[in-house]
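Enquirer: If it helps, the file is called target.pdb and holds PDB, C-alpha atoms, pLDDT in the B column:
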```pdb
ATOM      1  CA  MET M  85      31.488   7.292 -29.204  1.00 42.00           C
ATOM      2  CA  VAL M  86      33.522   9.052 -26.583  1.00 48.00           C
ATOM      3  CA  LEU M  87      34.064   7.263 -23.299  1.00 48.00           C
ATOM      4  CA  THR M  88      35.425   9.308 -20.440  1.00 52.00           C
ATOM      5  CA  THR M  89      36.057   7.852 -17.032  1.00 56.00           C
ATOM      6  CA  CYS M  90      36.986   9.728 -13.901  1.00 64.00           C
ATOM      7  CA  PHE M  91      35.748   7.899 -10.901  1.00 63.00           C
ATOM      8  CA  GLU M  92      36.566   6.589  -7.524  1.00 73.00           C
ATOM      9  CA  PRO M  93      34.869   3.478  -6.137  1.00 77.00           C
ATOM     10  CA  LEU M  94      31.314   3.940  -4.915  1.00 81.00           C
ATOM     11  CA  PHE M  95      29.835   1.080  -2.939  1.00 82.00           C
ATOM     12  CA  VAL M  96      26.125   0.316  -2.762  1.00 83.00           C
ATOM     13  CA  ASN M  97      24.143  -2.251  -0.849  1.00 84.00           C
ATOM     14  CA  GLY M  98      21.768  -3.920  -3.281  1.00 85.00           C
ATOM     15  CA  ASP M  99      21.026  -6.842  -5.527  1.00 90.00           C
ATOM     16  CA  SER M 100      23.666  -6.628  -8.258  1.00 89.00           C
ATOM     17  CA  ALA M 101      21.445  -8.387 -10.825  1.00 92.00           C
ATOM     18  CA  ARG M 102      18.642  -5.863 -10.259  1.00 91.00           C
ATOM     19  CA  LEU M 103      21.052  -2.909 -10.366  1.00 90.00           C
ATOM     20  CA  VAL M 104      22.376  -4.178 -13.712  1.00 91.00           C
ATOM     21  CA  GLN M 105      18.792  -4.612 -14.935  1.00 91.00           C
ATOM     22  CA  CYS M 106      17.967  -1.007 -13.989  1.00 90.00           C
ATOM     23  CA  ILE M 107      20.988   0.422 -15.774  1.00 91.00           C
ATOM     24  CA  ALA M 108      20.380  -1.793 -18.816  1.00 91.00           C
ATOM     25  CA  ASN M 109      16.746  -0.613 -19.028  1.00 89.00           C
ATOM     26  CA  LEU M 110      17.795   3.033 -18.810  1.00 89.00           C
ATOM     27  CA  LEU M 111      20.505   2.625 -21.448  1.00 91.00           C
ATOM     28  CA  THR M 112      18.236   0.619 -23.758  1.00 89.00           C
ATOM     29  CA  ASN M 113      15.607   3.336 -23.524  1.00 86.00           C
ATOM     30  CA  ALA M 114      18.180   6.051 -24.237  1.00 88.00           C
ATOM     31  CA  ALA M 115      19.610   4.112 -27.194  1.00 89.00           C
ATOM     32  CA  LYS M 116      16.160   3.483 -28.649  1.00 86.00           C
ATOM     33  CA  TYR M 117      15.487   7.210 -29.003  1.00 84.00           C
ATOM     34  CA  THR M 118      18.991   8.482 -29.820  1.00 90.00           C
ATOM     35  CA  ASP M 119      20.403   8.509 -33.354  1.00 90.00           C
ATOM     36  CA  ALA M 120      23.511   6.448 -34.097  1.00 89.00           C
ATOM     37  CA  SER M 121      25.548   9.659 -34.195  1.00 91.00           C
ATOM     38  CA  GLY M 122      23.999  10.880 -30.932  1.00 92.00           C
ATOM     39  CA  GLU M 123      25.443  10.913 -27.453  1.00 94.00           C
ATOM     40  CA  ILE M 124      24.463   8.973 -24.343  1.00 94.00           C
ATOM     41  CA  ARG M 125      26.145   9.805 -21.039  1.00 92.00           C
ATOM     42  CA  VAL M 126      26.213   7.844 -17.821  1.00 91.00           C
ATOM     43  CA  GLU M 127      27.241   9.645 -14.662  1.00 89.00           C
ATOM     44  CA  LEU M 128      27.719   8.089 -11.255  1.00 87.00           C
ATOM     45  CA  ARG M 129      28.139  10.249  -8.183  1.00 86.00           C
ATOM     46  CA  SER M 130      27.674  10.232  -4.470  1.00 86.00           C
ATOM     47  CA  ASP M 131      25.016  12.445  -2.903  1.00 88.00           C
ATOM     48  CA  GLN M 132      25.400  12.265   0.871  1.00 87.00           C
ATOM     49  CA  SER M 133      24.595   8.620   1.642  1.00 84.00           C
ATOM     50  CA  SER M 134      23.126   7.751  -1.772  1.00 84.00           C
ATOM     51  CA  ALA M 135      24.579   6.658  -5.081  1.00 85.00           C
ATOM     52  CA  VAL M 136      23.138   8.625  -7.987  1.00 88.00           C
ATOM     53  CA  ILE M 137      23.198   7.336 -11.558  1.00 89.00           C
ATOM     54  CA  VAL M 138      22.262   9.837 -14.243  1.00 91.00           C
ATOM     55  CA  VAL M 139      21.669   8.767 -17.848  1.00 92.00           C
ATOM     56  CA  THR M 140      21.334  11.598 -20.350  1.00 92.00           C
ATOM     57  CA  ASP M 141      21.100  11.588 -24.122  1.00 92.00           C
ATOM     58  CA  ASN M 142      20.523  13.997 -26.969  1.00 92.00           C
ATOM     59  CA  GLY M 143      17.745  11.922 -28.507  1.00 87.00           C
ATOM     60  CA  VAL M 144      14.264  13.058 -29.456  1.00 84.00           C
ATOM     61  CA  GLY M 145      13.226  13.667 -25.856  1.00 80.00           C
ATOM     62  CA  ILE M 146       9.961  13.131 -24.069  1.00 78.00           C
ATOM     63  CA  SER M 147       6.947  15.232 -24.924  1.00 81.00           C
ATOM     64  CA  PRO M 148       5.755  17.505 -22.096  1.00 85.00           C
ATOM     65  CA  GLU M 149       2.347  15.760 -22.144  1.00 85.00           C
ATOM     66  CA  LEU M 150       3.954  12.349 -21.561  1.00 81.00           C
ATOM     67  CA  LEU M 151       6.458  13.402 -18.893  1.00 79.00           C
ATOM     68  CA  PRO M 152       4.118  13.028 -15.868  1.00 84.00           C
ATOM     69  CA  ARG M 153       3.291   9.445 -16.954  1.00 84.00           C
ATOM     70  CA  ILE M 154       6.664   7.966 -18.009  1.00 79.00           C
ATOM     71  CA  PHE M 155       6.847   5.612 -15.021  1.00 79.00           C
ATOM     72  CA  GLU M 156       3.387   4.132 -15.611  1.00 82.00           C
ATOM     73  CA  LEU M 157       3.132   0.624 -17.059  1.00 80.00           C
ATOM     74  CA  PHE M 158       2.676   0.389 -20.840  1.00 74.00           C
ATOM     75  CA  VAL M 159       3.163   4.124 -21.445  1.00 72.00           C
ATOM     76  CA  GLN M 160       5.043   4.889 -24.649  1.00 68.00           C
ATOM     77  CA  SER M 161       5.720   7.840 -26.873  1.00 66.00           C
ATOM     78  CA  GLU M 162       4.335   7.949 -30.376  1.00 60.00           C
ATOM     79  CA  ARG M 163       6.113   5.581 -32.723  1.00 53.00           C
ATOM     80  CA  SER M 164       7.498   6.844 -36.003  1.00 51.00           C
ATOM     81  CA  LEU M 165       8.834   4.823 -38.908  1.00 43.00           C
ATOM     82  CA  ASP M 166      12.428   5.229 -37.725  1.00 50.00           C
ATOM     83  CA  ARG M 167      11.501   4.175 -34.161  1.00 48.00           C
ATOM     84  CA  ALA M 168       9.089   1.349 -34.983  1.00 48.00           C
ATOM     85  CA  GLU M 169      10.805  -1.211 -32.709  1.00 55.00           C
ATOM     86  CA  GLY M 170       8.926   0.191 -29.737  1.00 61.00           C
ATOM     87  CA  GLY M 171       8.678  -2.187 -26.823  1.00 63.00           C
ATOM     88  CA  LEU M 172       6.112  -3.007 -24.189  1.00 58.00           C
ATOM     89  CA  GLY M 173       6.398   0.265 -22.288  1.00 70.00           C
ATOM     90  CA  ILE M 174       7.426  -1.365 -19.031  1.00 76.00           C
ATOM     91  CA  GLY M 175      11.171  -0.577 -18.815  1.00 78.00           C
ATOM     92  CA  LEU M 176      11.036   2.683 -16.872  1.00 83.00           C
ATOM     93  CA  SER M 177       8.268   1.385 -14.615  1.00 85.00           C
ATOM     94  CA  VAL M 178      10.403  -1.658 -13.769  1.00 85.00           C
ATOM     95  CA  VAL M 179      13.386   0.590 -13.020  1.00 85.00           C
ATOM     96  CA  GLN M 180      11.334   2.759 -10.680  1.00 87.00           C
ATOM     97  CA  ARG M 181       9.908  -0.197  -8.786  1.00 89.00           C
ATOM     98  CA  LEU M 182      13.271  -1.942  -8.427  1.00 87.00           C
ATOM     99  CA  VAL M 183      14.967   1.226  -7.174  1.00 85.00           C
ATOM    100  CA  GLU M 184      12.188   1.815  -4.663  1.00 86.00           C
ATOM    101  CA  MET M 185      12.645  -1.724  -3.308  1.00 84.00           C
TER
END
```
Now that the file is in, can you turn its structure into structure tokens?

Expert:
Amino acid sequence: MVLTTCFEPLFVNGDSARLVQCIANLLTNAAKYTDASGEIRVELRSDQSSAVIVVTDNGVGISPELLPRIFELFVQSERSLDRAEGGLGIGLSVVQRLVEM
């Protein structure tokens, strides 16, 4: 794992517990679908008056058919033997709703 940091402080007005929950859900989702030798990146930047957090990975990706529905409750990709741990399919929906609030 390579960890690179180059940042200056970025202040946001929000519930710190919910912000942590959002980031944890995004990272958990990325880790679930990225091999142990894969890469997950977290980028934080300022875009005018907003803080932008970008999580990217080189995991299996999201099928084009599923992409329009990834923020719906209980939506999941197909499970394979190596990704059998699954989950409830609520993580990304929770993130979207918390960020909107």

Enquirer: Region 107-118 of chain M: which residues within 8 Å, counting all atoms listed in the file, same-chain residues fewer than 3 positions away excluded, as a PyMOL selection string?

Expert: chain M and resi 103-104+121-124+139-145+167+175-176+179

Enquirer: When the PyMOL selection byres ((chain M and resi 95) around 10) is applied to the structure above, which residues does it catch, written out as a PyMOL selection string?

Expert: chain M and resi 92-94+96-98+130+134-135

Enquirer: Can you tell me how far CA of Asp99 (chain M) sits from CA of Val178 (chain M), in Å to one decimal?

Expert: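 Separation of CA of Asp99 (chain M) and CA of Val178 (chain M): 14.4 Å.
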
Enquirer: Just the residues within 8 Å of Ile137 (chain M), please, counting only C-alpha atoms, with nothing from its chain fewer than 6 positions along; format it as a list in words.

Expert: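 The residues satisfying every condition are Val126, Glu127, Leu128 and Arg129 of chain M.
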
Enquirer: Selected by the PyMOL selection byres ((chain M and resi 174) around 8) in the shown coordinates: which residues, as an MDAnalysis selection string?

Expert: chainID M and resid 156:159 171:173 175:178

Enquirer: I'd like the neighbourhood of Leu182 (chain M) as an MDAnalysis selection string, where a residue qualifies if any of its atoms comes within 9 Å (using all atoms listed in the file), though same-chain residues fewer than 6 positions away should be ignored.

Expert: chainID M and resid 102:103 105:106

Enquirer: Have a look at CA of Val183 (chain M) and CA of Pro152 (chain M) and let me know their distance in Å, one decimal.

Expert: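 Pair CA of Val183 (chain M) / CA of Pro152 (chain M) returns 18.2 Å.
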
Enquirer: One decimal, Å: what's the distance from CA of Arg153 (chain M) over to CA of Gln180 (chain M), could you say?

Expert: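 Straight-line distance from CA of Arg153 (chain M) to CA of Gln180 (chain M) works out to 12.2 Å.
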